$ cat input.pdb   # PDB, C-alpha atoms and all ligand atoms
ATOM      1  CA  MET Y   1     153.969 236.226  68.211  1.00  0.00           C
ATOM      2  CA  PHE Y   2     155.606 236.138  64.792  1.00  0.00           C
ATOM      3  CA  PHE Y   3     159.301 236.553  64.149  1.00  0.00           C
ATOM      4  CA  ALA Y   4     160.769 237.711  60.884  1.00  0.00           C
ATOM      5  CA  GLN Y   5     162.363 234.455  59.837  1.00  0.00           C
ATOM      6  CA  SER Y   6     160.977 231.776  62.071  1.00  0.00           C
ATOM      7  CA  CYS Y   7     158.216 229.312  61.264  1.00  0.00           C
ATOM      8  CA  ALA Y   8     154.811 230.629  62.341  1.00  0.00           C
ATOM      9  CA  VAL Y   9     153.766 227.134  63.439  1.00  0.00           C
ATOM     10  CA  CYS Y  10     156.779 225.479  65.152  1.00  0.00           C
ATOM     11  CA  ASN Y  11     159.097 228.498  65.502  1.00  0.00           C
ATOM     12  CA  ALA Y  12     162.015 226.766  63.753  1.00  0.00           C
ATOM     13  CA  GLU Y  13     164.331 228.988  61.725  1.00  0.00           C
ATOM     14  CA  THR Y  14     163.280 229.497  58.128  1.00  0.00           C
ATOM     15  CA  GLU Y  15     164.910 231.064  55.107  1.00  0.00           C
ATOM     16  CA  SER Y  16     161.744 232.646  53.760  1.00  0.00           C
ATOM     17  CA  GLY Y  17     157.990 232.609  53.892  1.00  0.00           C
ATOM     18  CA  VAL Y  18     155.581 231.839  56.707  1.00  0.00           C
ATOM     19  CA  PHE Y  19     156.435 228.174  57.303  1.00  0.00           C
ATOM     20  CA  CYS Y  20     159.488 225.950  57.669  1.00  0.00           C
ATOM     21  CA  PRO Y  21     159.711 223.178  55.014  1.00  0.00           C
ATOM     22  CA  VAL Y  22     158.174 220.602  57.414  1.00  0.00           C
ATOM     23  CA  CYS Y  23     155.182 222.740  58.405  1.00  0.00           C
ATOM     24  CA  ARG Y  24     154.747 223.902  54.806  1.00  0.00           C
ATOM     25  CA  ARG Y  25     154.006 220.293  53.914  1.00  0.00           C
ATOM     26  CA  SER Y  26     151.399 219.922  56.627  1.00  0.00           C
ATOM     27  CA  GLU Y  27     149.772 223.288  55.916  1.00  0.00           C
ATOM     28  CA  LEU Y  28     149.640 222.783  52.186  1.00  0.00           C
ATOM     29  CA  LEU Y  29     146.108 222.210  50.975  1.00  0.00           C
ATOM     30  CA  LEU Y  30     146.572 222.375  47.177  1.00  0.00           C
ATOM     31  CA  GLU Y  31     142.953 221.412  46.956  1.00  0.00           C
ATOM     32  CA  ALA Y  32     141.252 221.602  43.619  1.00  0.00           C
ATOM     33  CA  MET Y  33     137.587 222.419  43.737  1.00  0.00           C
ATOM     34  CA  PRO Y  34     135.135 221.791  40.961  1.00  0.00           C
ATOM     35  CA  GLY Y  35     134.367 224.705  38.707  1.00  0.00           C
ATOM     36  CA  LEU Y  36     131.675 227.058  39.853  1.00  0.00           C
ATOM     37  CA  LEU Y  37     129.177 228.635  37.492  1.00  0.00           C
ATOM     38  CA  ASN Y  38     131.742 230.680  35.579  1.00  0.00           C
ATOM     39  CA  LEU Y  39     135.046 229.622  37.066  1.00  0.00           C
ATOM     40  CA  ASP Y  40     136.594 226.639  35.250  1.00  0.00           C
ATOM     41  CA  GLY Y  41     138.446 225.476  38.356  1.00  0.00           C
ATOM     42  CA  ALA Y  42     140.361 226.666  41.389  1.00  0.00           C
ATOM     43  CA  VAL Y  43     143.283 225.627  43.538  1.00  0.00           C
ATOM     44  CA  MET Y  44     143.575 226.767  47.138  1.00  0.00           C
ATOM     45  CA  GLY Y  45     147.165 226.826  48.348  1.00  0.00           C
ATOM     46  CA  TYR Y  46     147.131 226.596  52.131  1.00  0.00           C
ATOM     47  CA  LYS Y  47     144.670 225.831  54.878  1.00  0.00           C
ATOM     48  CA  TYR Y  48     142.930 229.002  55.993  1.00  0.00           C
ATOM     49  CA  SER Y  49     143.577 228.452  59.681  1.00  0.00           C
ATOM     50  CA  GLY Y  50     146.090 229.024  62.472  1.00  0.00           C
ATOM     51  CA  ALA Y  51     149.050 231.314  61.834  1.00  0.00           C
ATOM     52  CA  LEU Y  52     148.151 232.089  58.227  1.00  0.00           C
ATOM     53  CA  LYS Y  53     144.603 233.089  59.140  1.00  0.00           C
ATOM     54  CA  GLU Y  54     145.912 235.305  61.925  1.00  0.00           C
ATOM     55  CA  MET Y  55     148.383 237.041  59.591  1.00  0.00           C
ATOM     56  CA  LEU Y  56     145.718 237.718  56.976  1.00  0.00           C
ATOM     57  CA  HIS Y  57     143.418 239.138  59.648  1.00  0.00           C
ATOM     58  CA  LYS Y  58     146.133 241.483  60.883  1.00  0.00           C
ATOM     59  CA  LEU Y  59     146.844 242.566  57.312  1.00  0.00           C
ATOM     60  CA  LYS Y  60     143.199 243.172  56.526  1.00  0.00           C
ATOM     61  CA  PHE Y  61     141.885 244.667  59.694  1.00  0.00           C
ATOM     62  CA  GLU Y  62     144.935 246.221  61.324  1.00  0.00           C
ATOM     63  CA  GLY Y  63     146.890 247.084  58.163  1.00  0.00           C
ATOM     64  CA  GLU Y  64     149.980 245.235  59.410  1.00  0.00           C
ATOM     65  CA  SER Y  65     151.937 245.329  56.185  1.00  0.00           C
ATOM     66  CA  LYS Y  66     154.941 243.475  57.643  1.00  0.00           C
ATOM     67  CA  PHE Y  67     153.051 240.251  56.875  1.00  0.00           C
ATOM     68  CA  LEU Y  68     153.026 240.967  53.137  1.00  0.00           C
ATOM     69  CA  GLN Y  69     156.629 239.826  52.710  1.00  0.00           C
ATOM     70  CA  PRO Y  70     156.376 236.306  54.244  1.00  0.00           C
ATOM     71  CA  LEU Y  71     153.011 235.760  52.522  1.00  0.00           C
ATOM     72  CA  ALA Y  72     154.481 236.853  49.186  1.00  0.00           C
ATOM     73  CA  GLU Y  73     157.315 234.385  49.750  1.00  0.00           C
ATOM     74  CA  GLU Y  74     154.768 231.608  50.292  1.00  0.00           C
ATOM     75  CA  ALA Y  75     153.099 232.635  47.023  1.00  0.00           C
ATOM     76  CA  VAL Y  76     156.395 231.909  45.262  1.00  0.00           C
ATOM     77  CA  PHE Y  77     156.207 228.308  46.508  1.00  0.00           C
ATOM     78  CA  LEU Y  78     152.624 228.054  45.306  1.00  0.00           C
ATOM     79  CA  ALA Y  79     153.370 229.487  41.893  1.00  0.00           C
ATOM     80  CA  GLN Y  80     156.090 226.873  41.499  1.00  0.00           C
ATOM     81  CA  ALA Y  81     153.670 224.112  42.415  1.00  0.00           C
ATOM     82  CA  TYR Y  82     151.261 225.458  39.859  1.00  0.00           C
ATOM     83  CA  SER Y  83     153.724 225.978  37.048  1.00  0.00           C
ATOM     84  CA  GLU Y  84     152.626 223.052  34.869  1.00  0.00           C
ATOM     85  CA  SER Y  85     149.676 225.134  33.799  1.00  0.00           C
ATOM     86  CA  CYS Y  86     150.213 227.803  31.234  1.00  0.00           C
ATOM     87  CA  PHE Y  87     148.198 230.987  31.169  1.00  0.00           C
ATOM     88  CA  ASP Y  88     148.038 233.910  28.776  1.00  0.00           C
ATOM     89  CA  MET Y  89     147.294 236.326  31.556  1.00  0.00           C
ATOM     90  CA  VAL Y  90     147.427 236.440  35.359  1.00  0.00           C
ATOM     91  CA  VAL Y  91     144.947 238.863  36.902  1.00  0.00           C
ATOM     92  CA  SER Y  92     144.452 239.639  40.584  1.00  0.00           C
ATOM     93  CA  VAL Y  93     141.058 240.230  42.151  1.00  0.00           C
ATOM     94  CA  PRO Y  94     141.065 243.960  42.906  1.00  0.00           C
ATOM     95  CA  THR Y  95     140.288 245.348  46.327  1.00  0.00           C
ATOM     96  CA  ASP Y  96     137.598 247.983  46.703  1.00  0.00           C
ATOM     97  CA  ALA Y  97     139.211 251.404  46.039  1.00  0.00           C
ATOM     98  CA  ALA Y  98     138.269 252.899  49.414  1.00  0.00           C
ATOM     99  CA  ARG Y  99     139.621 249.868  51.287  1.00  0.00           C
ATOM    100  CA  ARG Y 100     142.786 249.934  49.197  1.00  0.00           C
ATOM    101  CA  ARG Y 101     143.383 253.602  50.021  1.00  0.00           C
ATOM    102  CA  GLN Y 102     142.744 252.951  53.689  1.00  0.00           C
ATOM    103  CA  ARG Y 103     145.210 250.031  53.838  1.00  0.00           C
ATOM    104  CA  GLY Y 104     147.723 251.542  51.456  1.00  0.00           C
ATOM    105  CA  PHE Y 105     148.113 248.278  49.557  1.00  0.00           C
ATOM    106  CA  ASP Y 106     146.151 245.692  47.641  1.00  0.00           C
ATOM    107  CA  ILE Y 107     146.565 242.311  49.352  1.00  0.00           C
ATOM    108  CA  PRO Y 108     146.102 239.859  46.409  1.00  0.00           C
ATOM    109  CA  GLU Y 109     148.270 241.966  44.118  1.00  0.00           C
ATOM    110  CA  SER Y 110     151.029 242.425  46.716  1.00  0.00           C
ATOM    111  CA  ILE Y 111     151.071 238.756  47.663  1.00  0.00           C
ATOM    112  CA  PHE Y 112     151.334 237.404  44.126  1.00  0.00           C
ATOM    113  CA  ALA Y 113     153.281 240.135  42.303  1.00  0.00           C
ATOM    114  CA  GLY Y 114     156.725 238.735  43.134  1.00  0.00           C
ATOM    115  CA  ALA Y 115     155.731 235.172  42.341  1.00  0.00           C
ATOM    116  CA  LEU Y 116     154.043 235.772  39.017  1.00  0.00           C
ATOM    117  CA  ALA Y 117     155.412 239.037  37.605  1.00  0.00           C
ATOM    118  CA  VAL Y 118     158.478 237.237  36.285  1.00  0.00           C
ATOM    119  CA  LYS Y 119     156.378 235.105  33.993  1.00  0.00           C
ATOM    120  CA  GLY Y 120     155.539 238.055  31.762  1.00  0.00           C
ATOM    121  CA  VAL Y 121     151.812 237.497  31.912  1.00  0.00           C
ATOM    122  CA  TRP Y 122     151.142 239.465  35.088  1.00  0.00           C
ATOM    123  CA  GLN Y 123     148.400 242.006  34.351  1.00  0.00           C
ATOM    124  CA  PRO Y 124     146.813 242.761  37.713  1.00  0.00           C
ATOM    125  CA  GLN Y 125     145.085 245.907  36.490  1.00  0.00           C
ATOM    126  CA  VAL Y 126     142.903 244.237  33.862  1.00  0.00           C
ATOM    127  CA  LEU Y 127     140.071 243.839  36.339  1.00  0.00           C
ATOM    128  CA  THR Y 128     138.817 246.857  38.274  1.00  0.00           C
ATOM    129  CA  ARG Y 129     136.055 247.414  40.790  1.00  0.00           C
ATOM    130  CA  ILE Y 130     133.384 249.809  39.676  1.00  0.00           C
ATOM    131  CA  LYS Y 131     131.147 249.441  42.703  1.00  0.00           C
ATOM    132  CA  ALA Y 132     131.825 249.374  46.441  1.00  0.00           C
ATOM    133  CA  THR Y 133     130.609 246.196  48.146  1.00  0.00           C
ATOM    134  CA  ALA Y 134     130.089 245.098  51.731  1.00  0.00           C
ATOM    135  CA  PRO Y 135     132.871 242.786  52.993  1.00  0.00           C
ATOM    136  CA  GLN Y 136     132.039 239.185  52.017  1.00  0.00           C
ATOM    137  CA  TYR Y 137     133.112 237.696  55.371  1.00  0.00           C
ATOM    138  CA  GLY Y 138     130.190 239.325  57.163  1.00  0.00           C
ATOM    139  CA  LEU Y 139     127.585 237.821  54.861  1.00  0.00           C
ATOM    140  CA  ALA Y 140     125.810 234.485  54.739  1.00  0.00           C
ATOM    141  CA  PRO Y 141     126.977 232.323  51.808  1.00  0.00           C
ATOM    142  CA  ASP Y 142     123.716 232.857  49.909  1.00  0.00           C
ATOM    143  CA  LYS Y 143     124.028 236.654  50.147  1.00  0.00           C
ATOM    144  CA  ARG Y 144     127.612 236.754  48.873  1.00  0.00           C
ATOM    145  CA  ARG Y 145     126.749 236.281  45.226  1.00  0.00           C
ATOM    146  CA  SER Y 146     124.283 239.184  45.078  1.00  0.00           C
ATOM    147  CA  ASN Y 147     126.676 241.400  47.063  1.00  0.00           C
ATOM    148  CA  VAL Y 148     129.356 241.245  44.345  1.00  0.00           C
ATOM    149  CA  LEU Y 149     127.005 241.226  41.347  1.00  0.00           C
ATOM    150  CA  GLY Y 150     128.199 243.692  38.700  1.00  0.00           C
ATOM    151  CA  CYS Y 151     131.073 245.000  40.836  1.00  0.00           C
ATOM    152  CA  PHE Y 152     133.855 244.329  38.302  1.00  0.00           C
ATOM    153  CA  GLU Y 153     134.799 245.771  34.944  1.00  0.00           C
ATOM    154  CA  VAL Y 154     137.445 244.696  32.426  1.00  0.00           C
ATOM    155  CA  ARG Y 155     139.938 247.261  31.182  1.00  0.00           C
ATOM    156  CA  GLY Y 156     141.938 246.165  28.178  1.00  0.00           C
ATOM    157  CA  SER Y 157     141.597 243.155  25.920  1.00  0.00           C
ATOM    158  CA  VAL Y 158     141.101 239.636  27.263  1.00  0.00           C
ATOM    159  CA  SER Y 159     139.731 238.216  24.039  1.00  0.00           C
ATOM    160  CA  GLY Y 160     140.512 234.496  23.674  1.00  0.00           C
ATOM    161  CA  ALA Y 161     142.762 234.503  26.751  1.00  0.00           C
ATOM    162  CA  LYS Y 162     143.250 231.643  29.191  1.00  0.00           C
ATOM    163  CA  ILE Y 163     143.320 233.498  32.498  1.00  0.00           C
ATOM    164  CA  LEU Y 164     144.580 232.704  35.981  1.00  0.00           C
ATOM    165  CA  LEU Y 165     142.844 234.761  38.664  1.00  0.00           C
ATOM    166  CA  VAL Y 166     144.681 235.158  41.967  1.00  0.00           C
ATOM    167  CA  ASP Y 167     143.264 236.099  45.350  1.00  0.00           C
ATOM    168  CA  ASP Y 168     144.197 235.739  49.011  1.00  0.00           C
ATOM    169  CA  ILE Y 169     141.320 233.563  50.278  1.00  0.00           C
ATOM    170  CA  LEU Y 170     138.679 231.319  48.754  1.00  0.00           C
ATOM    171  CA  THR Y 171     135.694 230.687  50.979  1.00  0.00           C
ATOM    172  CA  THR Y 172     132.515 230.357  48.931  1.00  0.00           C
ATOM    173  CA  GLY Y 173     134.101 231.398  45.627  1.00  0.00           C
ATOM    174  CA  ALA Y 174     131.372 233.993  44.954  1.00  0.00           C
ATOM    175  CA  THR Y 175     133.787 236.884  44.317  1.00  0.00           C
ATOM    176  CA  LEU Y 176     136.062 234.798  42.106  1.00  0.00           C
ATOM    177  CA  ASP Y 177     133.082 233.501  40.175  1.00  0.00           C
ATOM    178  CA  GLU Y 178     131.740 237.006  39.578  1.00  0.00           C
ATOM    179  CA  ALA Y 179     135.215 238.070  38.380  1.00  0.00           C
ATOM    180  CA  ALA Y 180     135.310 235.032  36.047  1.00  0.00           C
ATOM    181  CA  LYS Y 181     131.879 235.915  34.669  1.00  0.00           C
ATOM    182  CA  THR Y 182     132.996 239.484  33.922  1.00  0.00           C
ATOM    183  CA  LEU Y 183     136.181 238.261  32.210  1.00  0.00           C
ATOM    184  CA  LYS Y 184     134.249 235.749  30.110  1.00  0.00           C
ATOM    185  CA  GLN Y 185     131.672 238.321  29.078  1.00  0.00           C
ATOM    186  CA  ALA Y 186     134.629 240.389  27.847  1.00  0.00           C
ATOM    187  CA  GLY Y 187     135.796 237.437  25.727  1.00  0.00           C
ATOM    188  CA  ALA Y 188     138.137 235.395  27.950  1.00  0.00           C
ATOM    189  CA  LYS Y 189     138.320 231.759  26.820  1.00  0.00           C
ATOM    190  CA  SER Y 190     138.766 230.220  30.264  1.00  0.00           C
ATOM    191  CA  VAL Y 191     139.301 231.407  33.831  1.00  0.00           C
ATOM    192  CA  TYR Y 192     140.965 229.426  36.631  1.00  0.00           C
ATOM    193  CA  ALA Y 193     141.779 230.577  40.148  1.00  0.00           C
ATOM    194  CA  LEU Y 194     144.727 230.204  42.490  1.00  0.00           C
ATOM    195  CA  THR Y 195     144.342 231.462  46.049  1.00  0.00           C
ATOM    196  CA  LEU Y 196     146.923 231.679  48.800  1.00  0.00           C
ATOM    197  CA  CYS Y 197     144.604 229.800  51.111  1.00  0.00           C
ATOM    198  CA  GLY Y 198     141.115 228.491  51.405  1.00  0.00           C
ATOM    199  CA  SER Y 199     138.561 226.694  53.465  1.00  0.00           C
ATOM    200  CA  LEU Y 200     136.557 223.709  52.329  1.00  0.00           C
ATOM    201  CA  GLU Y 201     133.839 224.104  54.965  1.00  0.00           C
ATOM    202  CA  ASN Y 202     131.498 225.782  52.541  1.00  0.00           C
ATOM    203  CA  PHE Y 203     131.719 222.945  50.045  1.00  0.00           C
ATOM    204  CA  LYS Y 204     131.044 220.078  52.442  1.00  0.00           C
ATOM    205  CA  LYS Y 205     127.470 219.010  52.526  1.00  0.00           C
TER     206      LYS Y 205
HETATM  207 ZN    ZN L   1     157.606 224.747  61.293  1.00  0.00          ZN
END
$ encode --input "input.pdb" --output "structure tokens" --more "lines below"
Ligand SMILES: [Zn+2]
Amino acid sequence: MFFAQSCAVCNAETESGVFCPVCRRSELLLEAMPGLLNLDGAVMGYKYSGALKEMLHKLKFEGESKFLQPLAEEAVFLAQAYSESCFDMVVSVPTDAARRRQRGFDIPESIFAGALAVKGVWQPQVLTRIKATAPQYGLAPDKRRSNVLGCFEVRGSVSGAKILLVDDILTTGATLDEAAKTLKQAGAKSVYALTLCGSLENFKK
């Protein structure tokens, strides 16, 4: 069970977010992964496990929008931790239009809007989906790249821009890498990613 302002791990009272300050430290991953084919680098905020994983599942599959607020508050902590870097543009990975309509919200955009909108570079609409894709979680890692091939399009100018891409989860990085490829083909100078959470399982050999 989750309570509005209590830590999802130890149940202590919290002022905001998903975790209390103590659990936030233990859940923080802040793991940098090497660049993929097109992505120059990525940082995954929290471990994709336990309470956070459960909240994201309820958001995605049961449309429980009450979890947007605490997750967005966690994104504020992450954006602070990431503030040394300077970007021309922050773009969120768009959800498939049909899925967005069904849920009534776009998870990456909703989670990061409050944290990054203030910086004046927030342009979540620059990247759009032009093709419906099967959900990545149901596919084997080697099928994920072909599933998202050609699914994005850039609207507006990204010429010469250093871009930060934000998303909720990084698992294999295939979607983020395809988004980075599309942005670079449209003239972006570099593309980095920040995700609310991630799992390193797919990178361990
Ligand atoms: Zn706690």
$ resolve_selection --input "input.pdb" --expression "the PyMOL selection byres (((chain Y and resi 169) around 12) and not hetatm)" --output "MDAnalysis selection string"
chainID Y and resid 42:49 52:53 56:57 60 92:93 107:108 111 136:137 165:168 170:176 193:200
$ closest_residue --input "input.pdb" --among "Y:Glu15, Y:Ala188, Y:Val22, Y:Val126" --to "ligand ZN 1 (chain L)" --atoms "only C-alpha atoms and all ligand atoms"
Y:Val22
$ residues_around --input "input.pdb" --residues "Ala186 in chain Y" --least-positions-apart "3" --cutoff "10 Å" --atoms "only C-alpha atoms" --output "PyMOL selection string"
chain Y and resi 153-160+180-183+189
$ write_last_selection --input "input.pdb" --atoms "C-alpha atoms" --output "PDB file, in the coordinates of the input"
ATOM      1  CA  GLU Y 153     134.799 245.771  34.944  1.00  0.00           C
ATOM      2  CA  VAL Y 154     137.445 244.696  32.426  1.00  0.00           C
ATOM      3  CA  ARG Y 155     139.938 247.261  31.182  1.00  0.00           C
ATOM      4  CA  GLY Y 156     141.938 246.165  28.178  1.00  0.00           C
ATOM      5  CA  SER Y 157     141.597 243.155  25.920  1.00  0.00           C
ATOM      6  CA  VAL Y 158     141.101 239.636  27.263  1.00  0.00           C
ATOM      7  CA  SER Y 159     139.731 238.216  24.039  1.00  0.00           C
ATOM      8  CA  GLY Y 160     140.512 234.496  23.674  1.00  0.00           C
ATOM      9  CA  ALA Y 180     135.310 235.032  36.047  1.00  0.00           C
ATOM     10  CA  LYS Y 181     131.879 235.915  34.669  1.00  0.00           C
ATOM     11  CA  THR Y 182     132.996 239.484  33.922  1.00  0.00           C
ATOM     12  CA  LEU Y 183     136.181 238.261  32.210  1.00  0.00           C
ATOM     13  CA  LYS Y 189     138.320 231.759  26.820  1.00  0.00           C
TER      14      LYS Y 189
END
$ atom_distance --input "input.pdb" --atom1 "CA of Ser6 in chain Y" --atom2 "CA of Gln102 in chain Y"
29.2 Å
$ residues_near_ligand --input "input.pdb" --ligand "ligand ZN 1 (chain L)" --cutoff "12 Å" --atoms "only C-alpha atoms and all ligand atoms" --output "PyMOL selection string"
chain Y and resi 5-27+51
$ atom_distance --input "input.pdb" --atom1 "CA of Gln123 in chain Y" --atom2 "CA of Leu164 in chain Y"
10.2 Å
$ closest_residue --input "input.pdb" --among "Y:Gly187, Y:Gly114, Y:Pro94, Y:Pro141" --to "Glu73 in chain Y" --atoms "all atoms listed in the file"
Y:Gly114
$ residues_around --input "input.pdb" --residues "Gly41 in chain Y" --least-positions-apart "5" --cutoff "10 Å" --atoms "all atoms listed in the file" --output "PyMOL selection string"
chain Y and resi 32-36+164+177+190-194
$ atom_distance --input "input.pdb" --atom1 "CA of Ala113 in chain Y" --atom2 "CA of Thr95 in chain Y"
14.6 Å
$ closest_residue --input "input.pdb" --among "Y:Asp106, Y:Lys162, Y:Ala115, Y:Pro124" --to "Pro70 in chain Y" --atoms "only C-alpha atoms"
Y:Ala115
$ closest_residue --input "input.pdb" --among "Y:Leu37, Y:Leu78, Y:Leu116, Y:Cys151" --to "Ala97 in chain Y" --atoms "only C-alpha atoms"
Y:Cys151
$ closest_residue --input "input.pdb" --among "Y:Glu201, Y:Glu74, Y:Glu62, Y:Glu109" --to "Val91 in chain Y" --atoms "only C-alpha atoms"
Y:Glu109
$ resolve_selection --input "input.pdb" --expression "the PyMOL selection byres (((chain Y and resi 147) around 10) and not hetatm)" --output "list of chain:residue names"
Y:Ala132, Y:Thr133, Y:Ala134, Y:Pro135, Y:Gln136, Y:Leu139, Y:Asp142, Y:Lys143, Y:Arg144, Y:Arg145, Y:Ser146, Y:Val148, Y:Leu149, Y:Gly150, Y:Cys151, Y:Ala174, Y:Thr175
$ closest_residue --input "input.pdb" --among "Y:Ala79, Y:Leu71, Y:Leu39, Y:Ile163" --to "Ser110 in chain Y" --atoms "all atoms listed in the file"
Y:Leu71
$ residues_near_point --input "input.pdb" --point "(136.4, 250.7, 42.0)" --cutoff "6 Å" --atoms "all atoms listed in the file" --output "NGL selection string"
:Y and (96-97 or 128-131)
$ residues_around --input "input.pdb" --residues "Glu64 in chain Y" --least-positions-apart "3" --cutoff "12 Å" --atoms "all atoms listed in the file" --output "PyMOL selection string"
chain Y and resi 2+54-61+67-69+103-105+107
$ axis_aligned_box --input "input.pdb" --around "range 112-127 of chain Y" --padding-each-side "6 Å" --output "AutoDock Vina command-line options"
--center_x 149.3 --center_y 240.5 --center_z 37.9 --size_x 30.4 --size_y 22.8 --size_z 24.4
$ build_atoms --input "input.pdb" --residues "range 41-59 of chain Y" --atoms "N, CA, C and O atoms" --output "PDB file, keeping the file's coordinate frame"
ATOM      1  N   GLY Y  41     137.840 226.282  37.299  1.00  0.00           N
ATOM      2  CA  GLY Y  41     138.446 225.476  38.356  1.00  0.00           C
ATOM      3  C   GLY Y  41     139.243 226.373  39.269  1.00  0.00           C
ATOM      4  O   GLY Y  41     139.520 227.516  38.936  1.00  0.00           O
ATOM      5  N   ALA Y  42     139.605 225.849  40.444  1.00  0.00           N
ATOM      6  CA  ALA Y  42     140.361 226.666  41.389  1.00  0.00           C
ATOM      7  C   ALA Y  42     141.255 225.779  42.241  1.00  0.00           C
ATOM      8  O   ALA Y  42     140.906 224.643  42.546  1.00  0.00           O
ATOM      9  N   VAL Y  43     142.399 226.321  42.607  1.00  0.00           N
ATOM     10  CA  VAL Y  43     143.283 225.627  43.538  1.00  0.00           C
ATOM     11  C   VAL Y  43     143.529 226.554  44.721  1.00  0.00           C
ATOM     12  O   VAL Y  43     143.835 227.730  44.541  1.00  0.00           O
ATOM     13  N   MET Y  44     143.326 225.990  45.926  1.00  0.00           N
ATOM     14  CA  MET Y  44     143.575 226.767  47.138  1.00  0.00           C
ATOM     15  C   MET Y  44     144.898 226.288  47.723  1.00  0.00           C
ATOM     16  O   MET Y  44     145.065 225.097  47.962  1.00  0.00           O
ATOM     17  N   GLY Y  45     145.811 227.196  47.932  1.00  0.00           N
ATOM     18  CA  GLY Y  45     147.165 226.826  48.348  1.00  0.00           C
ATOM     19  C   GLY Y  45     147.263 226.237  49.737  1.00  0.00           C
ATOM     20  O   GLY Y  45     147.612 225.075  49.908  1.00  0.00           O
ATOM     21  N   TYR Y  46     146.959 227.030  50.752  1.00  0.00           N
ATOM     22  CA  TYR Y  46     147.131 226.596  52.131  1.00  0.00           C
ATOM     23  C   TYR Y  46     145.812 226.583  52.891  1.00  0.00           C
ATOM     24  O   TYR Y  46     144.843 227.218  52.491  1.00  0.00           O
ATOM     25  N   LYS Y  47     145.837 225.853  54.006  1.00  0.00           N
ATOM     26  CA  LYS Y  47     144.670 225.831  54.878  1.00  0.00           C
ATOM     27  C   LYS Y  47     144.463 227.230  55.458  1.00  0.00           C
ATOM     28  O   LYS Y  47     145.416 227.836  55.949  1.00  0.00           O
ATOM     29  N   TYR Y  48     143.248 227.701  55.405  1.00  0.00           N
ATOM     30  CA  TYR Y  48     142.930 229.002  55.993  1.00  0.00           C
ATOM     31  C   TYR Y  48     142.639 228.783  57.463  1.00  0.00           C
ATOM     32  O   TYR Y  48     141.505 228.660  57.889  1.00  0.00           O
ATOM     33  N   SER Y  49     143.719 228.695  58.244  1.00  0.00           N
ATOM     34  CA  SER Y  49     143.577 228.452  59.681  1.00  0.00           C
ATOM     35  C   SER Y  49     144.879 228.847  60.366  1.00  0.00           C
ATOM     36  O   SER Y  49     145.863 229.174  59.702  1.00  0.00           O
ATOM     37  N   GLY Y  50     144.868 228.808  61.682  1.00  0.00           N
ATOM     38  CA  GLY Y  50     146.090 229.024  62.472  1.00  0.00           C
ATOM     39  C   GLY Y  50     146.835 230.302  62.147  1.00  0.00           C
ATOM     40  O   GLY Y  50     146.245 231.376  62.013  1.00  0.00           O
ATOM     41  N   ALA Y  51     148.160 230.160  62.008  1.00  0.00           N
ATOM     42  CA  ALA Y  51     149.050 231.314  61.834  1.00  0.00           C
ATOM     43  C   ALA Y  51     148.727 232.118  60.584  1.00  0.00           C
ATOM     44  O   ALA Y  51     148.750 233.345  60.598  1.00  0.00           O
ATOM     45  N   LEU Y  52     148.422 231.407  59.491  1.00  0.00           N
ATOM     46  CA  LEU Y  52     148.151 232.089  58.227  1.00  0.00           C
ATOM     47  C   LEU Y  52     146.886 232.942  58.329  1.00  0.00           C
ATOM     48  O   LEU Y  52     146.838 234.077  57.870  1.00  0.00           O
ATOM     49  N   LYS Y  53     145.869 232.378  58.955  1.00  0.00           N
ATOM     50  CA  LYS Y  53     144.603 233.089  59.140  1.00  0.00           C
ATOM     51  C   LYS Y  53     144.835 234.342  59.992  1.00  0.00           C
ATOM     52  O   LYS Y  53     144.341 235.422  59.684  1.00  0.00           O
ATOM     53  N   GLU Y  54     145.620 234.189  61.023  1.00  0.00           N
ATOM     54  CA  GLU Y  54     145.912 235.305  61.925  1.00  0.00           C
ATOM     55  C   GLU Y  54     146.667 236.423  61.197  1.00  0.00           C
ATOM     56  O   GLU Y  54     146.363 237.604  61.355  1.00  0.00           O
ATOM     57  N   MET Y  55     147.620 236.040  60.359  1.00  0.00           N
ATOM     58  CA  MET Y  55     148.383 237.041  59.591  1.00  0.00           C
ATOM     59  C   MET Y  55     147.485 237.801  58.627  1.00  0.00           C
ATOM     60  O   MET Y  55     147.583 239.021  58.509  1.00  0.00           O
ATOM     61  N   LEU Y  56     146.618 237.071  57.932  1.00  0.00           N
ATOM     62  CA  LEU Y  56     145.718 237.718  56.976  1.00  0.00           C
ATOM     63  C   LEU Y  56     144.751 238.658  57.687  1.00  0.00           C
ATOM     64  O   LEU Y  56     144.442 239.732  57.190  1.00  0.00           O
ATOM     65  N   HIS Y  57     144.303 238.274  58.866  1.00  0.00           N
ATOM     66  CA  HIS Y  57     143.418 239.138  59.648  1.00  0.00           C
ATOM     67  C   HIS Y  57     144.129 240.426  60.033  1.00  0.00           C
ATOM     68  O   HIS Y  57     143.565 241.507  59.940  1.00  0.00           O
ATOM     69  N   LYS Y  58     145.377 240.290  60.475  1.00  0.00           N
ATOM     70  CA  LYS Y  58     146.133 241.483  60.883  1.00  0.00           C
ATOM     71  C   LYS Y  58     146.415 242.387  59.696  1.00  0.00           C
ATOM     72  O   LYS Y  58     146.409 243.599  59.837  1.00  0.00           O
ATOM     73  N   LEU Y  59     146.647 241.788  58.539  1.00  0.00           N
ATOM     74  CA  LEU Y  59     146.844 242.566  57.312  1.00  0.00           C
ATOM     75  C   LEU Y  59     145.580 243.322  56.958  1.00  0.00           C
ATOM     76  O   LEU Y  59     145.593 244.511  56.677  1.00  0.00           O
TER      77      LEU Y  59
END
